[in-house]
file model-v3.txt (compact mmCIF, C-alpha atoms and all ligand atoms)
# COMPACT_ATOMS: atom_id res chain seq x y z
CA MET A 1 0.00 0.00 0.00
CA SER A 2 1.13 3.57 -0.58
CA ALA A 3 1.52 5.82 2.43
CA GLY A 4 -1.76 7.57 3.19
CA SER A 5 -3.67 5.62 0.55
CA THR A 6 -7.38 5.75 1.27
CA LEU A 7 -10.52 3.95 0.16
CA LEU A 8 -13.83 5.80 0.49
CA VAL A 9 -16.76 3.37 0.73
CA CYS A 10 -20.26 4.80 0.30
CA PHE A 11 -23.40 2.90 1.28
CA ASP A 12 -26.00 4.83 -0.68
CA GLY A 13 -28.99 5.97 1.34
CA LEU A 14 -27.98 4.34 4.62
CA ARG A 15 -29.57 5.98 7.61
CA ARG A 16 -27.41 6.13 10.70
CA ASP A 17 -30.14 4.63 12.90
CA ARG A 18 -30.41 1.66 10.51
CA ALA A 19 -26.68 0.91 10.59
CA THR A 20 -27.14 -1.48 13.51
CA ALA A 21 -24.96 -4.33 14.68
CA GLU A 22 -27.75 -6.74 13.78
CA ARG A 23 -28.09 -5.60 10.18
CA MET A 24 -24.49 -4.59 9.52
CA PRO A 25 -22.13 -6.26 11.99
CA ASN A 26 -18.95 -5.54 10.02
CA LEU A 27 -19.76 -1.86 9.63
CA SER A 28 -20.80 -1.67 13.27
CA ARG A 29 -17.45 -3.08 14.42
CA PHE A 30 -15.62 -0.76 12.07
CA MET A 31 -17.46 2.27 13.44
CA ALA A 32 -16.75 1.25 17.02
CA ALA A 33 -13.04 0.82 16.32
CA GLY A 34 -12.57 3.96 14.26
CA ALA A 35 -13.61 7.57 14.58
CA ASP A 36 -17.35 8.04 14.34
CA LEU A 37 -18.14 11.46 12.93
CA ILE A 38 -21.50 11.88 14.55
CA LYS A 39 -22.05 15.46 13.42
CA SER A 40 -21.66 14.85 9.70
CA ARG A 41 -24.69 15.74 7.63
CA SER A 42 -25.88 15.38 4.08
CA VAL A 43 -26.29 18.39 1.86
CA PHE A 44 -29.65 19.68 0.67
CA PRO A 45 -31.34 18.57 -1.50
CA SER A 46 -30.23 15.22 -0.11
CA GLU A 47 -30.16 13.41 -3.44
CA THR A 48 -27.52 11.09 -4.81
CA ARG A 49 -26.13 13.08 -7.73
CA VAL A 50 -26.13 16.25 -5.67
CA ALA A 51 -24.41 14.58 -2.73
CA SER A 52 -21.91 12.64 -4.84
CA THR A 53 -20.94 15.92 -6.50
CA THR A 54 -20.50 17.47 -3.08
CA THR A 55 -18.39 14.47 -2.06
CA VAL A 56 -15.89 15.14 -4.82
CA THR A 57 -15.92 18.94 -4.69
CA GLY A 58 -16.27 19.61 -0.97
CA CYS A 59 -18.86 22.24 -1.82
CA THR A 60 -22.55 22.76 -1.27
CA PRO A 61 -24.89 22.63 -4.30
CA GLY A 62 -25.10 26.42 -4.19
CA GLU A 63 -21.40 26.43 -5.03
CA HIS A 64 -20.85 23.44 -7.32
CA GLY A 65 -24.04 23.95 -9.34
CA LEU A 66 -25.44 20.40 -9.65
CA VAL A 67 -28.53 21.65 -7.84
CA ALA A 68 -30.87 18.64 -7.93
CA ASN A 69 -31.15 15.13 -9.31
CA GLN A 70 -33.45 16.66 -11.90
CA PHE A 71 -33.95 20.31 -12.68
CA ILE A 72 -34.77 22.60 -15.58
CA ASN A 73 -31.96 23.81 -17.77
CA ARG A 74 -33.16 24.73 -21.24
CA ALA A 75 -29.61 25.10 -22.49
CA VAL A 76 -29.14 21.36 -21.94
CA ALA A 77 -32.62 20.06 -22.74
CA ALA A 78 -34.77 22.21 -24.99
CA ASP A 79 -37.94 20.73 -23.58
CA GLY A 80 -36.83 21.63 -20.09
CA LEU A 81 -36.12 18.72 -17.78
CA PHE A 82 -32.44 17.98 -17.26
CA ASN A 83 -32.29 14.50 -15.76
CA THR A 84 -28.82 14.04 -14.27
CA ALA A 85 -29.16 10.24 -14.10
CA ASN A 86 -28.19 10.15 -17.78
CA HIS A 87 -24.46 10.64 -18.25
CA ARG A 88 -24.96 11.87 -21.81
CA ASN A 89 -27.04 14.78 -20.49
CA LEU A 90 -24.22 15.58 -18.08
CA ALA A 91 -21.63 15.44 -20.83
CA ARG A 92 -23.72 17.84 -22.90
CA ALA A 93 -24.04 20.24 -19.96
CA ASP A 94 -20.29 20.00 -19.44
CA GLU A 95 -19.62 20.87 -23.08
CA LEU A 96 -21.82 23.93 -22.64
CA GLY A 97 -20.00 24.93 -19.45
CA VAL A 98 -23.10 24.69 -17.29
CA LEU A 99 -22.38 21.57 -15.26
CA LEU A 100 -19.80 22.03 -12.52
CA ASP A 101 -18.43 25.26 -11.09
CA ARG A 102 -15.73 23.71 -8.90
CA GLN A 103 -12.80 21.35 -9.40
CA SER A 104 -13.41 17.69 -8.71
CA LEU A 105 -11.43 15.36 -6.53
CA GLY A 106 -10.11 13.52 -9.58
CA GLN A 107 -8.89 16.76 -11.12
CA ARG A 108 -7.18 17.83 -7.92
CA LEU A 109 -5.51 14.46 -7.44
CA ALA A 110 -4.29 14.46 -11.02
CA ALA A 111 -2.83 17.93 -10.52
CA ALA A 112 -1.07 16.66 -7.41
CA GLY A 113 0.35 13.64 -9.23
CA LYS A 114 -1.81 11.20 -7.27
CA ARG A 115 -3.67 8.18 -8.59
CA PHE A 116 -7.48 8.01 -8.37
CA ALA A 117 -9.98 5.26 -9.20
CA VAL A 118 -13.74 4.83 -9.01
CA VAL A 119 -15.72 1.58 -8.78
CA THR A 120 -19.48 1.95 -8.56
CA THR A 121 -22.86 0.34 -8.98
CA ALA A 122 -24.58 3.75 -8.88
CA THR A 123 -26.42 5.29 -11.83
CA ALA A 124 -24.49 6.38 -14.88
CA GLY A 125 -25.07 9.99 -13.86
CA ALA A 126 -23.77 9.58 -10.32
CA THR A 127 -20.78 7.72 -11.73
CA TYR A 128 -20.07 10.57 -14.13
CA MET A 129 -20.13 13.12 -11.32
CA MET A 130 -18.07 11.20 -8.75
CA SER A 131 -15.45 10.43 -11.41
CA TYR A 132 -15.64 13.83 -13.12
CA GLY A 133 -12.56 14.40 -15.27
CA ALA A 134 -11.42 10.75 -15.07
CA GLU A 135 -11.31 10.13 -18.81
CA LYS A 136 -9.15 13.17 -19.45
CA HIS A 137 -6.71 12.18 -16.72
CA GLY A 138 -6.63 8.45 -17.48
CA GLN A 139 -8.16 7.50 -14.13
CA PRO A 140 -9.80 4.06 -14.14
CA VAL A 141 -13.57 3.89 -13.64
CA PHE A 142 -15.66 0.74 -13.31
CA SER A 143 -19.44 0.98 -13.72
CA VAL A 144 -22.08 -1.72 -13.96
CA HIS A 145 -23.65 0.29 -16.80
CA PRO A 146 -22.44 -0.44 -20.34
CA GLY A 147 -20.54 2.37 -21.98
CA VAL A 148 -19.89 4.29 -18.78
CA GLY A 149 -16.66 2.88 -17.34
CA THR A 150 -13.14 2.89 -18.72
CA PRO A 151 -13.20 0.48 -21.69
CA THR A 152 -9.95 -1.34 -20.82
CA LEU A 153 -10.99 -1.88 -17.21
CA MET A 154 -14.46 -3.05 -18.24
CA LYS A 155 -12.91 -5.53 -20.67
CA THR A 156 -10.46 -6.84 -18.08
CA ALA A 157 -13.27 -7.29 -15.56
CA GLU A 158 -15.38 -9.27 -18.02
CA GLU A 159 -12.44 -11.49 -18.99
CA ARG A 160 -11.54 -12.30 -15.39
CA LEU A 161 -14.88 -12.21 -13.58
CA GLY A 162 -17.39 -12.90 -16.32
CA PRO A 163 -20.23 -10.59 -17.38
CA VAL A 164 -21.67 -8.01 -15.00
CA PRO A 165 -24.70 -9.56 -13.23
CA ALA A 166 -28.13 -8.16 -13.99
CA ALA A 167 -29.39 -5.33 -11.79
CA ALA A 168 -31.80 -6.36 -9.06
CA THR A 169 -33.25 -5.26 -5.74
CA PRO A 170 -31.41 -6.01 -3.56
CA ASN A 171 -28.46 -5.33 -5.85
CA THR A 172 -26.10 -7.62 -3.97
CA ALA A 173 -24.84 -9.51 -7.01
CA GLN A 174 -23.65 -6.33 -8.73
CA ILE A 175 -22.17 -5.01 -5.49
CA ASP A 176 -20.27 -8.26 -4.94
CA TYR A 177 -18.98 -8.10 -8.51
CA ALA A 178 -17.88 -4.47 -8.12
CA THR A 179 -16.13 -5.30 -4.86
CA ARG A 180 -14.13 -7.99 -6.64
CA VAL A 181 -13.22 -5.53 -9.39
CA LEU A 182 -11.89 -3.23 -6.69
CA THR A 183 -9.88 -5.80 -4.76
CA ASP A 184 -8.80 -8.12 -7.58
CA ILE A 185 -8.14 -5.70 -10.42
CA VAL A 186 -8.14 -2.01 -9.53
CA TYR A 187 -5.82 -2.14 -6.52
CA PRO A 188 -3.30 -4.65 -7.88
CA GLU A 189 -3.08 -2.99 -11.29
CA HIS A 190 -3.65 0.71 -10.58
CA ARG A 191 -2.52 1.19 -6.93
CA PRO A 192 -4.76 4.20 -6.35
CA ASP A 193 -3.81 6.74 -3.74
CA LEU A 194 -7.52 7.36 -3.37
CA ALA A 195 -10.37 5.15 -4.55
CA ILE A 196 -14.15 5.37 -4.26
CA LEU A 197 -16.36 2.29 -3.96
CA TRP A 198 -20.01 3.35 -4.21
CA MET A 199 -22.65 0.74 -3.38
CA SER A 200 -26.13 1.52 -4.74
CA ASP A 201 -27.81 -0.24 -1.79
CA PRO A 202 -29.58 0.12 0.53
CA ASP A 203 -30.85 3.13 -1.44
CA ILE A 204 -32.44 1.44 -4.43
CA THR A 205 -34.01 -1.32 -2.35
CA SER A 206 -35.32 1.26 0.14
CA HIS A 207 -36.93 3.14 -2.75
CA GLY A 208 -38.61 -0.03 -3.91
CA PHE A 209 -39.70 -1.60 -0.65
CA GLY A 210 -39.29 0.87 2.25
CA ILE A 211 -36.60 1.41 4.83
CA ASP A 212 -37.42 -1.53 7.10
CA ALA A 213 -38.67 -4.07 4.57
CA PRO A 214 -37.11 -7.56 4.60
CA GLU A 215 -35.70 -6.84 1.15
CA THR A 216 -33.96 -3.70 2.43
CA ILE A 217 -32.56 -5.50 5.45
CA ALA A 218 -31.24 -8.16 3.06
CA ALA A 219 -29.70 -5.39 0.95
CA GLN A 220 -27.95 -3.97 4.01
CA ARG A 221 -26.61 -7.41 4.88
CA GLY A 222 -25.35 -7.85 1.34
CA CYS A 223 -23.50 -4.54 1.54
CA ASP A 224 -22.11 -5.42 4.94
CA GLU A 225 -20.80 -8.80 3.81
CA ALA A 226 -19.03 -7.12 0.90
CA PHE A 227 -17.61 -4.60 3.33
CA GLY A 228 -16.46 -7.42 5.59
CA ARG A 229 -14.52 -8.92 2.70
CA ILE A 230 -12.92 -5.53 2.10
CA LEU A 231 -11.83 -5.35 5.75
CA ASP A 232 -10.32 -8.85 5.54
CA TRP A 233 -8.52 -7.91 2.34
CA GLN A 234 -7.19 -4.73 3.93
CA SER A 235 -5.98 -6.70 6.94
CA SER A 236 -3.91 -8.84 4.61
CA GLY A 237 -1.97 -5.72 3.60
CA GLU A 238 -3.19 -5.69 0.01
CA GLY A 239 -5.50 -2.73 0.22
CA PRO A 240 -5.33 0.92 1.23
CA GLU A 241 -3.87 2.23 4.44
CA ASN A 242 -7.11 3.93 5.45
CA ILE A 243 -10.79 3.28 4.90
CA VAL A 244 -13.40 6.01 5.17
CA VAL A 245 -17.08 5.08 5.22
CA MET A 246 -19.98 7.36 4.46
CA SER A 247 -23.48 7.53 3.16
CA ASP A 248 -24.79 10.30 0.96
CA HIS A 249 -28.20 10.80 2.60
CA GLY A 250 -30.85 9.08 4.69
CA HIS A 251 -34.40 8.07 3.82
CA VAL A 252 -37.86 8.99 4.96
CA THR A 253 -41.10 7.22 4.16
CA GLY A 254 -43.52 8.31 1.48
CA ALA A 255 -47.15 7.25 1.72
CA ALA A 256 -48.34 7.51 -1.86
CA ARG A 257 -47.37 8.45 -5.37
CA PHE A 258 -48.60 11.85 -6.39
CA ASP A 259 -49.06 13.67 -9.71
CA LEU A 260 -47.55 17.08 -9.08
CA ALA A 261 -48.04 18.30 -12.64
CA ALA A 262 -51.78 17.68 -12.31
CA ALA A 263 -51.83 19.48 -8.97
CA LEU A 264 -50.06 22.56 -10.34
CA PRO A 265 -51.53 23.07 -13.84
CA GLU A 266 -50.75 26.80 -13.82
CA HIS A 267 -47.04 25.91 -13.63
CA ALA A 268 -46.99 23.64 -16.68
CA GLY A 269 -43.57 23.81 -18.29
CA GLN A 270 -42.05 25.35 -15.16
CA LEU A 271 -42.14 22.33 -12.86
CA SER A 272 -39.29 19.96 -12.17
CA PRO A 273 -41.16 17.30 -10.19
CA GLY A 274 -39.76 14.99 -7.55
CA TYR A 275 -39.62 14.57 -3.81
CA PHE A 276 -37.54 17.74 -4.10
CA SER A 277 -39.23 19.85 -6.76
CA GLY A 278 -38.51 23.16 -8.41
CA LEU A 279 -40.68 25.83 -9.97
CA TYR A 280 -38.76 27.70 -12.65
CA LEU A 281 -41.07 30.71 -12.90
CA ALA A 282 -41.06 32.51 -16.23
CA GLU A 283 -40.48 35.84 -14.52
CA PRO A 284 -39.07 35.20 -11.04
CA THR A 285 -39.96 38.54 -9.48
CA ARG A 286 -40.42 38.77 -5.73
CA LYS A 287 -44.17 39.19 -6.34
CA ALA A 288 -44.38 36.03 -8.48
CA ILE A 289 -42.24 34.07 -6.01
CA THR A 290 -44.40 35.21 -3.10
CA ALA A 291 -47.55 34.15 -4.93
CA ALA A 292 -46.12 30.73 -5.78
CA VAL A 293 -45.08 30.16 -2.16
CA GLU A 294 -48.50 31.24 -0.95
CA ARG A 295 -50.07 28.72 -3.33
CA LEU A 296 -47.79 25.88 -2.25
CA THR A 297 -48.07 26.41 1.48
CA HIS A 298 -51.82 25.93 1.35
CA GLU A 299 -51.45 22.46 -0.15
CA PRO A 300 -51.63 19.51 2.27
CA TRP A 301 -48.96 17.62 0.31
CA CYS A 302 -46.38 20.39 0.53
CA GLY A 303 -43.43 20.11 2.90
CA LEU A 304 -40.59 22.61 3.20
CA VAL A 305 -40.48 25.55 0.79
CA PHE A 306 -37.36 27.47 -0.25
CA VAL A 307 -36.86 30.55 -2.37
CA ASN A 308 -33.94 31.75 -4.42
CA ILE A 309 -34.64 35.38 -5.14
CA PRO A 310 -32.41 36.55 -7.98
CA GLY A 311 -29.78 38.96 -6.72
CA ASP A 312 -30.76 38.56 -3.08
CA PRO A 313 -29.74 35.08 -1.85
CA GLN A 314 -30.42 35.78 1.82
CA ALA A 315 -33.95 37.04 1.21
CA CYS A 316 -37.10 35.08 1.91
CA VAL A 317 -40.85 35.53 1.68
CA PRO A 318 -43.57 34.43 4.11
CA GLY A 319 -43.80 30.64 4.29
CA ALA A 320 -40.35 29.92 2.88
CA LEU A 321 -36.70 29.79 3.81
CA PRO A 322 -33.98 31.21 1.60
CA ALA A 323 -32.36 28.30 -0.29
CA SER A 324 -28.99 29.69 0.75
CA ALA A 325 -29.80 28.77 4.36
CA LEU A 326 -29.17 25.13 3.47
CA GLY A 327 -26.35 25.65 1.01
CA GLY A 328 -28.50 26.18 -2.07
CA GLY A 329 -29.23 29.28 -4.06
CA HIS A 330 -27.13 28.66 -7.15
CA ARG A 331 -27.98 30.64 -10.28
CA ARG A 332 -29.19 27.35 -11.82
CA SER A 333 -31.49 26.69 -8.83
CA ALA A 334 -35.23 27.15 -9.18
CA PRO A 335 -36.61 30.40 -7.77
CA VAL A 336 -39.02 28.28 -5.72
CA CYS A 337 -38.19 24.78 -4.45
CA PHE A 338 -40.17 22.51 -2.19
CA THR A 339 -40.28 19.04 -0.74
CA LEU A 340 -43.29 16.80 -0.42
CA ARG A 341 -44.52 16.01 3.02
CA ALA A 342 -43.17 12.74 4.36
CA ALA A 343 -43.89 10.52 7.29
CA GLU A 344 -41.58 9.33 10.02
CA SER A 345 -43.11 5.88 10.48
CA PRO A 346 -41.67 3.08 8.36
CA ASN A 347 -44.79 1.00 8.88
CA ARG A 348 -47.34 2.44 6.50
CA ALA A 349 -48.91 0.21 3.94
CA ARG A 350 -46.62 -0.17 0.95
CA PRO A 351 -44.00 2.22 2.30
CA ARG A 352 -41.53 3.63 -0.15
CA GLY A 353 -38.33 5.27 0.84
CA VAL A 354 -37.49 8.68 -0.51
CA SER A 355 -34.21 10.48 -0.13
CA SER A 356 -34.26 12.38 3.08
CA PRO A 357 -33.90 16.12 3.49
CA VAL A 358 -31.17 16.49 6.06
CA ARG A 359 -33.18 15.49 9.10
CA PHE A 360 -32.67 11.73 8.99
CA HIS A 361 -28.96 11.67 8.96
CA PRO A 362 -26.96 9.28 6.85
CA VAL A 363 -24.46 7.12 8.57
CA ALA A 364 -21.72 9.51 9.50
CA ALA A 365 -18.36 9.25 7.82
CA CYS A 366 -16.32 6.89 9.92
CA MET A 367 -12.65 6.42 9.54
CA ALA A 368 -10.14 3.86 10.64
CA GLY A 369 -6.53 3.30 9.92
CA SER A 370 -5.36 -0.05 8.76
CA PRO A 371 -4.31 -2.34 11.57
CA ALA A 372 -1.11 -2.69 9.59
CA ALA A 373 -0.36 1.02 9.72
CA ASN A 374 1.88 2.18 12.55
CA SER A 375 0.09 5.43 13.08
CA PRO A 376 -3.44 5.39 11.76
CA PRO A 377 -4.51 8.99 11.19
CA PHE A 378 -8.16 8.47 12.06
CA SER A 379 -8.13 6.63 15.35
CA PRO A 380 -10.81 7.48 17.91
CA GLU A 381 -8.49 9.47 20.13
CA LYS A 382 -7.36 11.67 17.25
CA VAL A 383 -10.70 12.80 15.87
CA ARG A 384 -13.35 14.11 18.16
CA PRO A 385 -16.95 14.43 17.04
CA SER A 386 -16.87 18.14 17.79
CA GLU A 387 -14.19 18.65 15.16
CA THR A 388 -16.28 17.24 12.39
CA ALA A 389 -19.34 19.43 12.17
CA SER A 390 -20.53 20.29 8.72
CA GLY A 391 -23.11 22.87 7.68
CA ARG A 392 -20.54 25.61 7.95
CA ARG A 393 -22.48 27.75 5.55
CA ARG A 394 -25.39 27.98 7.90
CA PRO A 395 -25.54 31.08 10.01
CA ALA A 396 -24.30 30.37 13.51
CA GLY A 397 -26.96 28.91 15.72
CA CYS A 398 -29.49 28.43 12.96
CA ARG A 399 -31.05 25.12 12.03
CA THR A 400 -33.80 24.33 9.59
CA SER A 401 -37.39 25.38 9.97
CA ARG A 402 -39.12 24.27 13.08
CA ARG A 403 -40.33 20.69 13.20
CA ARG A 404 -42.71 19.12 15.66
CA SER A 405 -40.86 15.96 16.50
CA LEU A 406 -37.51 14.41 15.91
CA PRO A 407 -36.45 10.79 15.66
CA SER A 408 -35.10 9.15 18.76
CA SER A 409 -31.64 8.89 17.30
CA ALA A 410 -28.48 9.74 19.16
CA SER A 411 -27.48 11.91 16.24
CA ALA A 412 -30.71 13.87 15.98
CA PRO A 413 -30.27 17.60 16.35
CA THR A 414 -31.90 19.40 19.18
CA ALA A 415 -34.93 21.47 18.40
CA PRO A 416 -34.03 25.01 17.43
CA ALA A 417 -34.30 27.67 20.04
CA ALA A 418 -37.47 29.69 19.68
CA GLY A 419 -36.91 32.57 17.31
CA CYS A 420 -33.58 31.23 16.07
CA CYS A 421 -34.42 31.16 12.38
CA GLU A 422 -36.39 34.36 12.65
CA ARG A 423 -33.27 36.11 13.99
CA CYS A 424 -31.10 34.79 11.19
CA PHE A 425 -33.63 35.53 8.45
CA PRO A 426 -35.77 38.52 9.35
CA GLY A 427 -39.24 38.12 7.95
CA MET A 428 -39.12 34.33 7.88
CA THR A 429 -42.20 32.59 9.20
CA THR A 430 -42.66 29.06 10.50
CA ARG A 431 -45.60 26.72 10.16
CA PRO A 432 -46.36 23.33 11.65
CA LEU A 433 -45.97 20.28 9.48
CA SER A 434 -47.95 17.94 11.62
CA SER A 435 -51.18 17.36 9.72
CA PRO A 436 -51.52 13.88 8.22
CA VAL A 437 -50.64 13.10 4.65
CA ALA A 438 -53.53 11.95 2.53
CA ALA A 439 -52.82 8.41 1.38
ZN ZN B 501 -28.05 8.30 -2.70
call {"tool": "encode", "arguments": {"input": "model-v3.txt", "output": "structure tokens"}}
result
Amino acid sequence: MSAGSTLLVCFDGLRRDRATAERMPNLSRFMAAGADLIKSRSVFPSETRVASTTTVTGCTPGEHGLVANQFINRAVAADGLFNTANHRNLARADELGVLLDRQSLGQRLAAAGKRFAVVTTATAGATYMMSYGAEKHGQPVFSVHPGVGTPTLMKTAEERLGPVPAAATPNTAQIDYATRVLTDIVYPEHRPDLAILWMSDPDITSHGFGIDAPETIAAQRGCDEAFGRILDWQSSGEGPENIVVMSDHGHVTGAARFDLAAALPEHAGQLSPGYFSGLYLAEPTRKAITAAVERLTHEPWCGLVFVNIPGDPQACVPGALPASALGGGHRRSAPVCFTLRAAESPNRARPRGVSSPVRFHPVAACMAGSPAANSPPFSPEKVRPSETASGRRRPAGCRTSRRRSLPSSASAPTAPAAGCCERCFPGMTTRPLSSPVAA
């Protein structure tokens, strides 16, 4: 191993309170032995392509510019919707200079003369973002999606390990395959100073079945067994010196599918629908933004509402927070953004997981030095939780809008002090989000 070499393992969509010893014994032992960064948080919107871009830029979406999994950018897609799951859309946006406003990890490592590799079962779009610049710099990328990874690495993997298994939920077969690509091919042949292994579970299985479904628990176990093999491999001295573990976001529970376009007919052509949605108003004046927020906040399905008033990123209107309060507010952001209301119980009929907005924290980044290293840099006594807080862009003392109840998780934030947000954002109002969601 090279000195300081590090592997970053991401369990997509893993909530901290679901990373239990019962479901994930290897990860649980790893967290107990390493440094558990209990104050780490996802960015907002807490979606995979947004968070993976933040992972490799160190910036909030308001700075890097990949502002949602899907948003409207007519320069990229004439009919409006720019779906970032498709790597060809991302490549087109990159050609037009409207994709990424910050340097990526791969670019920085290349400039520093360091080797970088990415192995992932994530979408083609997430792969493109986490490996941004890899092709130009000759950095190896493995993807389970045809035509996305580095051709020579894909060919080598197929020759040695056979064809990539079909995608499934749980996606354990693809994750096992990718793990073998990492340990059997990428490390021996490319010796990366930094590598990313991104597992698409438990996220995709949570979306399909819910956060506590048997299928999702099986997905977590599959991820954990792959992680256990990585720990054994590292112990043999073949792998990196350090391993860092993270998730990109948590999950909450949705109760029903909902046709937003039908609910907002007056915003036809302006709506980017999703759990996190955007309204790209034709003329985003303060008056139009205020009216749109007024409309949204009277809807029983509406959750949090954010505004991005052109030229005034700290400003808000009644019923909304400024998007900049949570690290948003990029010029490509919608003038009005909102989430759908979600439930906290995992036990509704046919629960479906949706990517969580900040509140249900992902498993915090945990770090551990290799047992073989003489002086592991991330041992528990060297990193204290208080040194790891994120959210630095938030005004001091301010949290998100007031919520009625919080999960009984050790990592849950305390309720904001009364008037906290109002002090930080004069004119901001709060409203309860406690009425039931119509199923
Ligand atoms: Zn994700």
call {"tool": "residues_near_ligand", "arguments": {"input": "model-v3.txt", "ligand": "ligand ZN 501 (chain B)", "cutoff": "8 Å", "atoms": "all atoms listed in the file", "output": "ChimeraX atom specification"}}
result
/A:12-13,46-49,51-52,200,203,247-250,355
call {"tool": "atom_distance", "arguments": {"input": "model-v3.txt", "atom1": "atom CA of A:Phe258", "atom2": "atom CA of A:Arg332"}}
result
25.4 Å
call {"tool": "residues_near_point", "arguments": {"input": "model-v3.txt", "point": "(-38.9, 22.5, -5.2)", "cutoff": "10 Å", "atoms": "all atoms listed in the file", "output": "PyMOL selection string"}}
result
chain A and resi 45+68+71+271-280+296+302-307+333-340
call {"tool": "residues_around", "arguments": {"input": "model-v3.txt", "residues": "stretch 56-66 of chain A", "least_positions_apart": "5", "cutoff": "9 Å", "atoms": "only C-alpha atoms", "output": "ChimeraX atom specification"}}
result
/A:43-45,49-51,84,98-106,129-132,323-324,326-333,391,393
call {"tool": "atom_distance", "arguments": {"input": "model-v3.txt", "atom1": "atom CA of A:Val144", "atom2": "atom CA of A:Pro163"}}
result
9.7 Å
call {"tool": "atom_distance", "arguments": {"input": "model-v3.txt", "atom1": "atom CA of A:Leu194", "atom2": "atom CA of A:Ser5"}}
result
5.8 Å
call {"tool": "closest_residue", "arguments": {"input": "model-v3.txt", "among": "A:Val317, A:Ile217, A:Leu27, A:Met246", "to": "A:Thr297", "atoms": "all atoms listed in the file"}}
result
A:Val317
call {"tool": "closest_residue", "arguments": {"input": "model-v3.txt", "among": "A:Ala282, A:Ala157, A:Ala93, A:Ala85", "to": "A:Arg180", "atoms": "all atoms listed in the file"}}
result
A:Ala157
call {"tool": "residues_around", "arguments": {"input": "model-v3.txt", "residues": "A:Ala122", "least_positions_apart": "3", "cutoff": "7 Å", "atoms": "only C-alpha atoms", "output": "PyMOL selection string"}}
result
chain A and resi 126-127+198-200
call {"tool": "write_last_selection", "arguments": {"input": "model-v3.txt", "atoms": "C-alpha atoms", "output": "short mmCIF file (atom, residue, chain, number, x, y, z; two decimals), in the frame of the given file"}}
result
data_model
loop_
_atom_site.label_atom_id
_atom_site.label_comp_id
_atom_site.auth_asym_id
_atom_site.auth_seq_id
_atom_site.Cartn_x
_atom_site.Cartn_y
_atom_site.Cartn_z
CA ALA A 126 -23.77 9.58 -10.32
CA THR A 127 -20.78 7.72 -11.73
CA TRP A 198 -20.01 3.35 -4.21
CA MET A 199 -22.65 0.74 -3.38
CA SER A 200 -26.13 1.52 -4.74
#
call {"tool": "build_atoms", "arguments": {"input": "model-v3.txt", "residues": "stretch 223-235 of chain A", "atoms": "N, CA and C atoms", "output": "mmCIF file, in the frame of the given file"}}
result
data_model
loop_
_atom_site.group_PDB
_atom_site.id
_atom_site.type_symbol
_atom_site.label_atom_id
_atom_site.label_comp_id
_atom_site.auth_asym_id
_atom_site.auth_seq_id
_atom_site.Cartn_x
_atom_site.Cartn_y
_atom_site.Cartn_z
ATOM 1 N N CYS A 223 -24.539 -5.581 1.517
ATOM 2 C CA CYS A 223 -23.500 -4.540 1.540
ATOM 3 C C CYS A 223 -22.488 -4.824 2.636
ATOM 4 N N ASP A 224 -22.995 -5.214 3.785
ATOM 5 C CA ASP A 224 -22.110 -5.420 4.940
ATOM 6 C C ASP A 224 -21.168 -6.597 4.718
ATOM 7 N N GLU A 225 -21.682 -7.644 4.074
ATOM 8 C CA GLU A 225 -20.800 -8.800 3.810
ATOM 9 C C GLU A 225 -19.708 -8.423 2.821
ATOM 10 N N ALA A 226 -20.067 -7.611 1.826
ATOM 11 C CA ALA A 226 -19.030 -7.120 0.900
ATOM 12 C C ALA A 226 -18.019 -6.268 1.653
ATOM 13 N N PHE A 227 -18.511 -5.444 2.550
ATOM 14 C CA PHE A 227 -17.610 -4.600 3.330
ATOM 15 C C PHE A 227 -16.705 -5.446 4.234
ATOM 16 N N GLY A 228 -17.268 -6.522 4.774
ATOM 17 C CA GLY A 228 -16.460 -7.420 5.590
ATOM 18 C C GLY A 228 -15.317 -8.033 4.800
ATOM 19 N N ARG A 229 -15.590 -8.370 3.542
ATOM 20 C CA ARG A 229 -14.520 -8.920 2.700
ATOM 21 C C ARG A 229 -13.455 -7.861 2.425
ATOM 22 N N ILE A 230 -13.889 -6.617 2.301
ATOM 23 C CA ILE A 230 -12.920 -5.530 2.100
ATOM 24 C C ILE A 230 -12.029 -5.384 3.342
ATOM 25 N N LEU A 231 -12.629 -5.471 4.519
ATOM 26 C CA LEU A 231 -11.830 -5.350 5.750
ATOM 27 C C LEU A 231 -10.818 -6.498 5.865
ATOM 28 N N ASP A 232 -11.253 -7.706 5.507
ATOM 29 C CA ASP A 232 -10.320 -8.850 5.540
ATOM 30 C C ASP A 232 -9.176 -8.649 4.557
ATOM 31 N N TRP A 233 -9.524 -8.170 3.380
ATOM 32 C CA TRP A 233 -8.520 -7.910 2.340
ATOM 33 C C TRP A 233 -7.539 -6.842 2.804
ATOM 34 N N GLN A 234 -8.074 -5.789 3.433
ATOM 35 C CA GLN A 234 -7.190 -4.730 3.930
ATOM 36 C C GLN A 234 -6.259 -5.272 5.013
ATOM 37 N N SER A 235 -6.799 -6.136 5.859
ATOM 38 C CA SER A 235 -5.980 -6.700 6.940
ATOM 39 C C SER A 235 -4.809 -7.514 6.399
#
